[in-house]
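Participant: Got a file for you: structure.cif, mmCIF, C-alpha atoms.
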data_entry
#
loop_
_atom_site.label_atom_id
_atom_site.label_comp_id
_atom_site.auth_asym_id
_atom_site.auth_seq_id
_atom_site.Cartn_x
_atom_site.Cartn_y
_atom_site.Cartn_z
CA MET A 1 75.74 37.51 139.99
CA LYS A 2 75.35 39.68 143.10
CA LYS A 3 78.96 40.86 142.73
CA LEU A 4 78.26 42.41 139.31
CA PRO A 5 75.74 45.07 140.55
CA LEU A 6 78.06 45.90 143.44
CA LEU A 7 80.99 46.37 141.03
CA LEU A 8 78.81 48.48 138.75
CA ILE A 9 77.74 50.68 141.66
CA PHE A 10 81.39 51.08 142.71
CA VAL A 11 82.47 52.10 139.19
CA MET A 12 79.61 54.57 138.88
CA ALA A 13 80.45 56.09 142.25
CA ALA A 14 84.12 56.42 141.29
CA PHE A 15 83.16 58.02 137.97
CA ALA A 16 80.81 60.48 139.70
CA SER A 17 83.52 61.38 142.19
CA SER A 18 86.04 61.91 139.40
CA ALA A 19 83.57 64.06 137.50
CA GLN A 20 82.97 66.17 140.59
CA GLU A 21 86.73 66.63 141.07
CA THR A 22 87.14 67.59 137.41
CA GLU A 23 84.27 70.08 137.65
CA LYS A 24 85.72 71.49 140.87
CA GLY A 25 89.11 71.87 139.18
CA LYS A 26 87.52 73.69 136.24
CA ASN A 27 85.63 75.99 138.58
CA ASP A 28 88.81 76.72 140.53
CA LYS A 29 90.65 77.63 137.29
CA LYS A 30 87.78 79.85 136.17
CA GLU A 31 87.78 81.60 139.53
CA ALA A 32 91.56 82.09 139.37
CA ARG A 33 91.27 83.56 135.86
CA ARG A 34 88.43 85.80 136.95
CA LYS A 35 90.47 87.12 139.88
CA LYS A 36 93.47 87.67 137.62
CA VAL A 37 91.40 89.59 135.06
CA SER A 38 89.84 91.67 137.84
CA GLU A 39 93.27 92.47 139.22
CA LEU A 40 94.58 93.46 135.77
CA ILE A 41 91.55 95.71 135.22
CA LYS A 42 92.09 97.31 138.60
CA GLN A 43 95.79 97.88 137.90
CA SER A 44 94.97 99.31 134.47
CA GLU A 45 92.48 101.74 136.03
CA GLU A 46 95.17 102.75 138.52
CA GLY A 47 97.60 103.46 135.67
CA VAL A 48 99.86 100.43 136.18
CA LEU A 49 101.39 98.97 133.00
CA VAL A 50 100.69 95.23 133.10
CA TYR A 51 101.18 92.97 130.08
CA SER A 52 102.92 89.80 128.93
CA ARG A 53 104.19 91.07 125.56
CA GLN A 54 104.45 94.37 123.73
CA SER A 55 105.19 95.16 120.08
CA ILE A 56 106.43 98.67 119.30
CA PHE A 57 107.19 100.46 116.04
CA GLY A 58 108.86 103.83 115.93
CA PHE A 59 110.37 106.57 113.81
CA GLN A 60 113.47 108.31 115.08
CA PHE A 61 115.03 111.65 114.29
CA ARG A 62 118.74 111.74 115.08
CA THR A 63 121.28 114.52 115.31
CA ASN A 64 123.00 112.95 112.28
CA GLY A 65 120.17 111.29 110.38
CA TYR A 66 116.88 109.46 110.71
CA GLY A 67 115.50 105.93 110.86
CA ALA A 68 112.90 103.47 112.07
CA PHE A 69 112.81 100.50 114.43
CA TYR A 70 110.80 97.55 115.68
CA GLU A 71 110.91 96.29 119.28
CA LEU A 72 109.51 93.15 120.90
CA GLY A 73 109.23 93.19 124.68
CA ARG A 74 108.44 90.39 127.14
CA MET A 75 107.60 91.45 130.68
CA LYS A 76 109.52 89.60 133.40
CA THR A 77 108.32 91.50 136.47
CA ASN A 78 105.97 94.45 137.05
CA ARG A 79 108.89 96.81 136.46
CA LYS A 80 111.28 94.93 134.17
CA THR A 81 110.86 93.91 130.52
CA ASN A 82 113.34 92.16 128.24
CA ILE A 83 113.46 93.85 124.84
CA TYR A 84 114.67 92.66 121.43
CA ARG A 85 115.10 95.43 118.90
CA ILE A 86 116.12 96.13 115.29
CA ASP A 87 116.93 99.67 114.06
CA ILE A 88 117.48 100.76 110.46
CA THR A 89 118.96 104.24 110.08
CA GLU A 90 120.92 106.47 107.72
CA ILE A 91 123.85 108.42 109.11
CA LYS A 92 124.66 111.75 107.49
CA HIS A 93 128.08 113.40 107.60
CA PRO A 94 128.03 116.81 109.36
CA LYS A 95 129.68 118.41 106.30
CA GLU A 96 126.99 117.24 103.88
CA GLU A 97 125.30 120.07 102.04
CA LYS A 98 122.74 119.53 99.31
CA LEU A 99 123.25 121.75 96.26
CA GLN A 100 121.01 122.40 93.30
CA ALA A 101 122.60 121.83 89.90
CA GLY A 102 121.49 124.04 87.02
CA GLY A 103 119.81 126.64 89.21
CA ILE A 104 116.70 126.39 91.35
CA PHE A 105 114.32 124.85 88.81
CA PHE A 106 116.62 122.66 86.71
CA GLY A 107 118.84 119.68 87.53
CA ASN A 108 118.84 117.15 90.34
CA PRO A 109 120.06 118.19 93.79
CA PHE A 110 123.33 116.56 94.87
CA VAL A 111 125.79 116.51 97.78
CA TYR A 112 129.18 117.83 96.71
CA GLY A 113 132.10 115.59 97.67
CA LYS A 114 129.99 112.72 99.01
CA ILE A 115 131.58 109.29 98.52
CA ASN A 116 129.12 106.89 100.15
CA ASN A 117 125.65 106.70 101.56
CA PHE A 118 126.02 105.20 105.05
CA TYR A 119 123.19 103.00 106.34
CA GLN A 120 123.16 101.20 109.65
CA VAL A 121 121.31 98.14 110.93
CA THR A 122 121.53 97.33 114.64
CA LEU A 123 120.31 94.13 116.31
CA GLY A 124 120.15 94.45 120.06
CA PHE A 125 119.00 92.99 123.36
CA GLY A 126 118.31 95.00 126.50
CA GLN A 127 115.81 95.87 129.18
CA GLN A 128 113.14 98.40 130.00
CA HIS A 129 112.85 99.42 133.67
CA ILE A 130 109.72 101.29 134.72
CA LEU A 131 110.77 104.20 136.92
CA GLY A 132 107.30 105.61 137.51
CA GLN A 133 103.84 104.29 136.72
CA LYS A 134 101.10 106.46 135.25
CA GLY A 135 99.11 106.85 138.46
CA ASN A 136 95.94 107.03 136.34
CA LYS A 137 94.82 106.58 132.73
CA ASN A 138 95.76 110.15 131.83
CA GLY A 139 99.18 109.97 133.45
CA VAL A 140 102.62 109.32 131.94
CA ALA A 141 104.73 106.23 132.66
CA VAL A 142 108.48 106.84 132.65
CA SER A 143 110.93 104.03 131.82
CA ALA A 144 114.69 103.70 131.47
CA ILE A 145 115.82 101.84 128.35
CA TYR A 146 119.20 100.32 127.61
CA ASN A 147 120.31 97.83 124.98
CA GLY A 148 123.33 96.82 122.96
CA GLY A 149 124.48 94.34 120.37
CA LEU A 150 125.56 94.03 116.75
CA ALA A 151 125.87 96.99 114.39
CA ILE A 152 126.08 96.39 110.65
CA GLY A 153 127.23 99.33 108.52
CA LEU A 154 126.26 99.37 104.84
CA LEU A 155 128.15 101.61 102.42
CA ARG A 156 126.47 102.37 99.10
CA PRO A 157 128.57 104.32 96.57
CA TYR A 158 127.22 107.80 95.83
CA TYR A 159 126.86 108.59 92.12
CA ILE A 160 126.68 111.93 90.35
CA GLU A 161 126.03 112.90 86.75
CA ALA A 162 128.64 115.18 85.21
CA ALA A 163 129.43 116.57 81.76
CA ASP A 164 132.77 115.30 80.48
CA PRO A 165 134.58 118.21 78.74
CA ASN A 166 136.75 115.75 76.78
CA THR A 167 133.83 114.03 75.06
CA GLY A 168 131.11 116.65 75.40
CA GLN A 169 128.78 114.02 76.81
CA SER A 170 127.43 113.42 80.30
CA LYS A 171 128.30 110.35 82.35
CA VAL A 172 127.20 108.92 85.70
CA ILE A 173 130.19 108.23 87.94
CA LYS A 174 131.16 107.43 91.51
CA TYR A 175 134.28 108.71 93.23
CA SER A 176 137.56 107.14 92.07
CA SER A 177 141.12 108.31 91.50
CA ALA A 178 140.57 108.18 87.72
CA ASP A 179 137.43 110.35 87.83
CA SER A 180 138.25 112.51 90.86
CA SER A 181 138.68 115.73 88.81
CA LEU A 182 135.33 115.19 87.12
CA PHE A 183 133.62 114.07 90.35
CA LEU A 184 134.75 117.30 92.06
CA GLY A 185 134.70 119.53 89.00
CA PRO A 186 132.45 122.41 87.96
CA THR A 187 130.43 120.43 85.39
CA ILE A 188 128.25 118.43 87.80
CA LEU A 189 124.69 118.10 86.47
CA GLY A 190 123.15 116.49 89.53
CA SER A 191 122.93 113.29 91.50
CA GLY A 192 123.01 109.90 89.78
CA GLY A 193 119.67 108.86 91.27
CA LEU A 194 118.51 106.48 93.97
CA SER A 195 118.81 103.39 91.77
CA LYS A 196 122.61 103.45 91.63
CA GLY A 197 125.03 101.57 93.87
CA TRP A 198 122.76 99.00 95.54
CA GLY A 199 124.66 96.08 94.04
CA GLU A 200 127.99 97.49 95.21
CA MET A 201 127.33 97.83 98.91
CA LYS A 202 130.10 97.02 101.37
CA ILE A 203 129.50 95.65 104.86
CA LYS A 204 131.21 97.10 107.94
CA PRO A 205 130.70 95.10 111.17
CA GLY A 206 130.61 96.78 114.56
CA ALA A 207 128.87 97.02 117.92
CA PHE A 208 126.57 99.54 119.60
CA LEU A 209 125.20 100.70 122.96
CA LYS A 210 122.05 102.72 123.54
CA THR A 211 120.35 104.29 126.55
CA ALA A 212 117.17 106.33 126.72
CA LEU A 213 114.17 107.54 128.69
CA ARG A 214 110.73 106.52 127.45
CA PHE A 215 107.54 108.47 128.18
CA ASP A 216 104.34 106.49 127.63
CA TYR A 217 101.23 108.69 127.63
CA GLY A 218 98.74 106.24 126.05
CA ARG A 219 95.31 106.31 127.74
CA PHE A 220 94.76 102.56 127.47
CA ASN A 221 97.04 99.85 128.81
CA GLU A 222 96.89 97.75 125.63
CA VAL A 223 97.98 100.65 123.37
CA VAL A 224 101.51 102.08 123.24
CA SER A 225 101.82 105.81 122.54
CA GLY A 226 104.86 107.72 123.58
CA LEU A 227 108.20 109.40 123.05
CA GLU A 228 111.73 108.11 123.58
CA ILE A 229 114.71 110.44 124.08
CA GLY A 230 118.14 108.88 124.13
CA LEU A 231 121.79 108.62 123.23
CA SER A 232 123.47 105.93 121.14
CA GLY A 233 127.00 105.09 120.08
CA GLU A 234 128.42 102.70 117.46
CA PHE A 235 131.97 101.51 116.92
CA TYR A 236 133.04 99.85 113.66
CA ALA A 237 135.97 97.56 112.97
CA SER A 238 137.26 99.85 110.21
CA LYS A 239 136.90 103.48 109.22
CA ILE A 240 133.85 104.72 107.32
CA PRO A 241 134.54 106.87 104.23
CA GLN A 242 131.69 109.33 103.67
CA MET A 243 133.13 112.55 102.22
CA VAL A 244 136.17 113.56 100.18
CA ASP A 245 138.96 115.20 102.22
CA GLN A 246 137.14 114.62 105.50
CA LYS A 247 138.37 112.55 108.42
CA GLU A 248 137.06 109.00 108.31
CA ARG A 249 135.53 107.87 111.60
CA GLN A 250 135.02 104.53 113.32
CA PHE A 251 133.04 105.80 116.30
CA PHE A 252 129.67 107.54 115.94
CA ILE A 253 127.68 109.06 118.79
CA GLN A 254 124.36 110.85 118.47
CA GLY A 255 121.25 111.93 120.30
CA TYR A 256 117.79 111.02 119.07
CA ILE A 257 114.09 111.36 119.71
CA SER A 258 111.60 108.69 118.65
CA ILE A 259 107.85 108.60 118.19
CA LEU A 260 106.43 105.28 119.42
CA PHE A 261 103.25 103.37 118.69
CA GLY A 262 102.25 99.75 119.22
CA ARG A 263 100.19 97.28 121.23
CA ARG A 264 100.40 95.17 124.38
CA LYS A 265 98.89 91.80 125.24
#
Re-express the file's structure as structure tokens.
Facilitator:
Amino acid sequence: MKKLPLLLIFVMAAFASSAQETEKGKNDKKEARRKKVSELIKQSEEGVLVYSRQSIFGFQFRTNGYGAFYELGRMKTNRKTNIYRIDITEIKHPKEEKLQAGGIFFGNPFVYGKINNFYQVTLGFGQQHILGQKGNKNGVAVSAIYNGGLAIGLLRPYYIEAADPNTGQSKVIKYSSADSSLFLGPTILGSGGLSKGWGEMKIKPGAFLKTALRFDYGRFNEVVSGLEIGLSGEFYASKIPQMVDQKERQFFIQGYISILFGRRK
């Protein structure tokens, strides 16, 4: 009977010791988190970009078109971030010129001699390297960006509406050898509208490379505000027909400027 109280005392002592160790471990973790938060606050006040993940949206204006993108970044070191990015853009041919059918106030504007609308989707992986931190909340962080990957070209036939002199009626047509004289003739009434050609798109696979400088002027570390100025190039497995009687290209290179906004965690 005497052994039972002794065993009970031993168990209670062991439990108390374990509880103290658990509490000490919790306190140590809280202290470590507190120090980490304090350090992050200090770095933020000093203008240092510190985060685990960033999500960025942007609109870009290119020398041959326009587009938008989404980028997910995961910071690996204080100066290096892995980025995963998708861009959706439209590439215009340099010879495109929008004309007004039926005068200034009548008719739909159209592009004479255009065969296809050319859209581009790029899926890429790359890195962001911070070249210079902000120095303070009102400063500007400068980063070098590079990424590359898969380029998917999408060709949507371009339709126009033209009056057929043989029937006296109008018809909506795309470019073909049978309708080439009408497609390029003087009786064009305007474009065929945005609803045409989506079910006839052709896919052109390719690859791309992109490099840029990013300027982040956001006042707060958790908010992304900035500009990106860069150069990109895409190469496709086959030539891209865009305009009648114009050289079809496989390689496209352009400059761009993007407006960025997003958040960091």
Participant: What is the atom CA of A:Gly193-atom CA of A:Ile152 distance in Å, reported with one decimal?
Facilitator: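 Going from atom CA of A:Gly193 over to atom CA of A:Ile152, I get 23.9 Å.
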Participant: Just give me the gap between atom CA of A:Gln120 and atom CA of A:Arg214 in Å, one decimal is fine.
Facilitator: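 Those two atoms sit 22.4 Å apart.
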Participant: Grab the atom CA of A:Ser225 to atom CA of A:Ile259 distance for me, in Å with one decimal place.
Facilitator: 7.9 Å
Participant: Would you please work out which residue, of A:Tyr158, A:Tyr84, A:Tyr119, A:Phe57, is nearest to A:Ile203 when using all atoms listed in the file?
Facilitator: A:Tyr119
Participant: Show which residues sit within 12 Å of A:Gly230, as a PDB file with C-alpha atoms, keeping the file's coordinate frame. Count only C-alpha atoms, and ignore same-chain residues fewer than 3 positions away.
Facilitator:
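And here is the file that came out, selection.pdb:
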ATOM      1  CA  GLN A  60     113.470 108.310 115.080  1.00  0.00           C
ATOM      2  CA  PHE A  61     115.030 111.650 114.290  1.00  0.00           C
ATOM      3  CA  ARG A  62     118.740 111.740 115.080  1.00  0.00           C
ATOM      4  CA  THR A  63     121.280 114.520 115.310  1.00  0.00           C
ATOM      5  CA  SER A 143     110.930 104.030 131.820  1.00  0.00           C
ATOM      6  CA  ALA A 144     114.690 103.700 131.470  1.00  0.00           C
ATOM      7  CA  ILE A 145     115.820 101.840 128.350  1.00  0.00           C
ATOM      8  CA  TYR A 146     119.200 100.320 127.610  1.00  0.00           C
ATOM      9  CA  ASN A 147     120.310  97.830 124.980  1.00  0.00           C
ATOM     10  CA  LEU A 209     125.200 100.700 122.960  1.00  0.00           C
ATOM     11  CA  LYS A 210     122.050 102.720 123.540  1.00  0.00           C
ATOM     12  CA  THR A 211     120.350 104.290 126.550  1.00  0.00           C
ATOM     13  CA  ALA A 212     117.170 106.330 126.720  1.00  0.00           C
ATOM     14  CA  LEU A 213     114.170 107.540 128.690  1.00  0.00           C
ATOM     15  CA  ARG A 214     110.730 106.520 127.450  1.00  0.00           C
ATOM     16  CA  PHE A 215     107.540 108.470 128.180  1.00  0.00           C
ATOM     17  CA  LEU A 227     108.200 109.400 123.050  1.00  0.00           C
ATOM     18  CA  GLY A 233     127.000 105.090 120.080  1.00  0.00           C
ATOM     19  CA  ILE A 253     127.680 109.060 118.790  1.00  0.00           C
ATOM     20  CA  GLN A 254     124.360 110.850 118.470  1.00  0.00           C
ATOM     21  CA  GLY A 255     121.250 111.930 120.300  1.00  0.00           C
ATOM     22  CA  TYR A 256     117.790 111.020 119.070  1.00  0.00           C
ATOM     23  CA  ILE A 257     114.090 111.360 119.710  1.00  0.00           C
ATOM     24  CA  SER A 258     111.600 108.690 118.650  1.00  0.00           C
ATOM     25  CA  ILE A 259     107.850 108.600 118.190  1.00  0.00           C
TER      26      ILE A 259
END
Participant: Kindly indicate which residue among A:Tyr112, A:Phe118, A:Phe183, A:Phe59 lies nearest to A:Lys239, using only C-alpha atoms for the distances.
Facilitator: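 Distance minimum relative to A:Lys239 lands on A:Phe118.
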Participant: Go through stretch 55-153 of chain A and flag each residue having an atom no more than 6 Å from stretch 243-249 of chain A; for those, report the closest pair of atoms plus their distance in Å to one decimal, using all atoms listed in the file, ordered by chain and rising number, as JSON lines.
Facilitator:
{"residue": "A:Gly113", "atom": "CA", "partner": "A:Val244", "partner_atom": "CA", "distance": 5.2}
{"residue": "A:Lys114", "atom": "CA", "partner": "A:Met243", "partner_atom": "CA", "distance": 4.5}
{"residue": "A:Ile115", "atom": "CA", "partner": "A:Met243", "partner_atom": "CA", "distance": 5.2}
Participant: Of the residues A:Glu71, A:Asp216, A:Glu96, A:Glu90, which is the one nearest to A:Gly139, using all atoms listed in the file?
Facilitator: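 Of A:Glu71, A:Asp216, A:Glu96, A:Glu90, the one nearest A:Gly139, counting all atoms listed in the file, is A:Asp216.
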Participant: Using all atoms listed in the file, pick whichever of A:Leu131, A:Ala178, A:Ile91, A:Ile173 has the shortest atom-to-atom distance to A:Lys196.
Facilitator: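 Of the candidates, the smallest distance to A:Lys196 is held by A:Ile173.
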Participant: Run through the PyMOL selection byres ((chain A and resi 205) around 6) on the given coordinates and return the selected residues as a PyMOL selection string.
Facilitator: chain A and resi 152+204+206+236
Participant: Go through stretch 84-116 of chain A residue by residue and, counting all atoms listed in the file, keep those with an atom at most 6 Å from stretch 66-70 of chain A; for each kept residue give the shortest atom pair and its distance in Å to one decimal, ordered by chain and increasing number, as a Markdown table.
Facilitator:
| residue | atom | partner | partner_atom | distance |
| --- | --- | --- | --- | --- |
| A:Arg85 | CA | A:Tyr70 | CA | 5.8 |
| A:Ile86 | CA | A:Tyr70 | CA | 5.5 |
| A:Asp87 | CA | A:Phe69 | CA | 4.2 |
| A:Ile88 | CA | A:Gly67 | CA | 5.6 |
| A:Thr89 | CA | A:Gly67 | CA | 3.9 |
| A:Glu90 | CA | A:Tyr66 | CA | 5.8 |
Participant: Just say which residues the PyMOL selection byres ((chain A and resi 99) around 9) picks in this file, as a ChimeraX atom specification.
Facilitator: /A:97-98,100-101,108-112,190
Participant: Please provide the set of residues having any atom within 12 Å of A:Asp179, restricted to all atoms listed in the file, with same-chain residues fewer than 2 positions apart removed, written as a ChimeraX atom specification.
Facilitator: /A:159-164,171-177,181-185
Participant: Give me the result of the PyMOL selection byres ((chain A and resi 199) around 12) on this file, residue by residue, as a ChimeraX atom specification.
Facilitator: /A:154-157,195-198,200-203
Participant: Mind checking which residues fall within 8 Å of A:Gly148, counting all atoms listed in the file, ignoring those fewer than 6 positions away in the same chain, and posting them as a PyMOL selection string?
Facilitator: chain A and resi 123-126+207-210
Participant: Suppose we keep C-alpha atoms; can you now write the selection as a CSV table (one decimal), in the frame of the given file?
Facilitator:
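What ended up in out.csv:
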chain,number,residue,atom,x,y,z
A,123,LEU,CA,120.3,94.1,116.3
A,124,GLY,CA,120.2,94.4,120.1
A,125,PHE,CA,119.0,93.0,123.4
A,126,GLY,CA,118.3,95.0,126.5
A,207,ALA,CA,128.9,97.0,117.9
A,208,PHE,CA,126.6,99.5,119.6
A,209,LEU,CA,125.2,100.7,123.0
A,210,LYS,CA,122.0,102.7,123.5
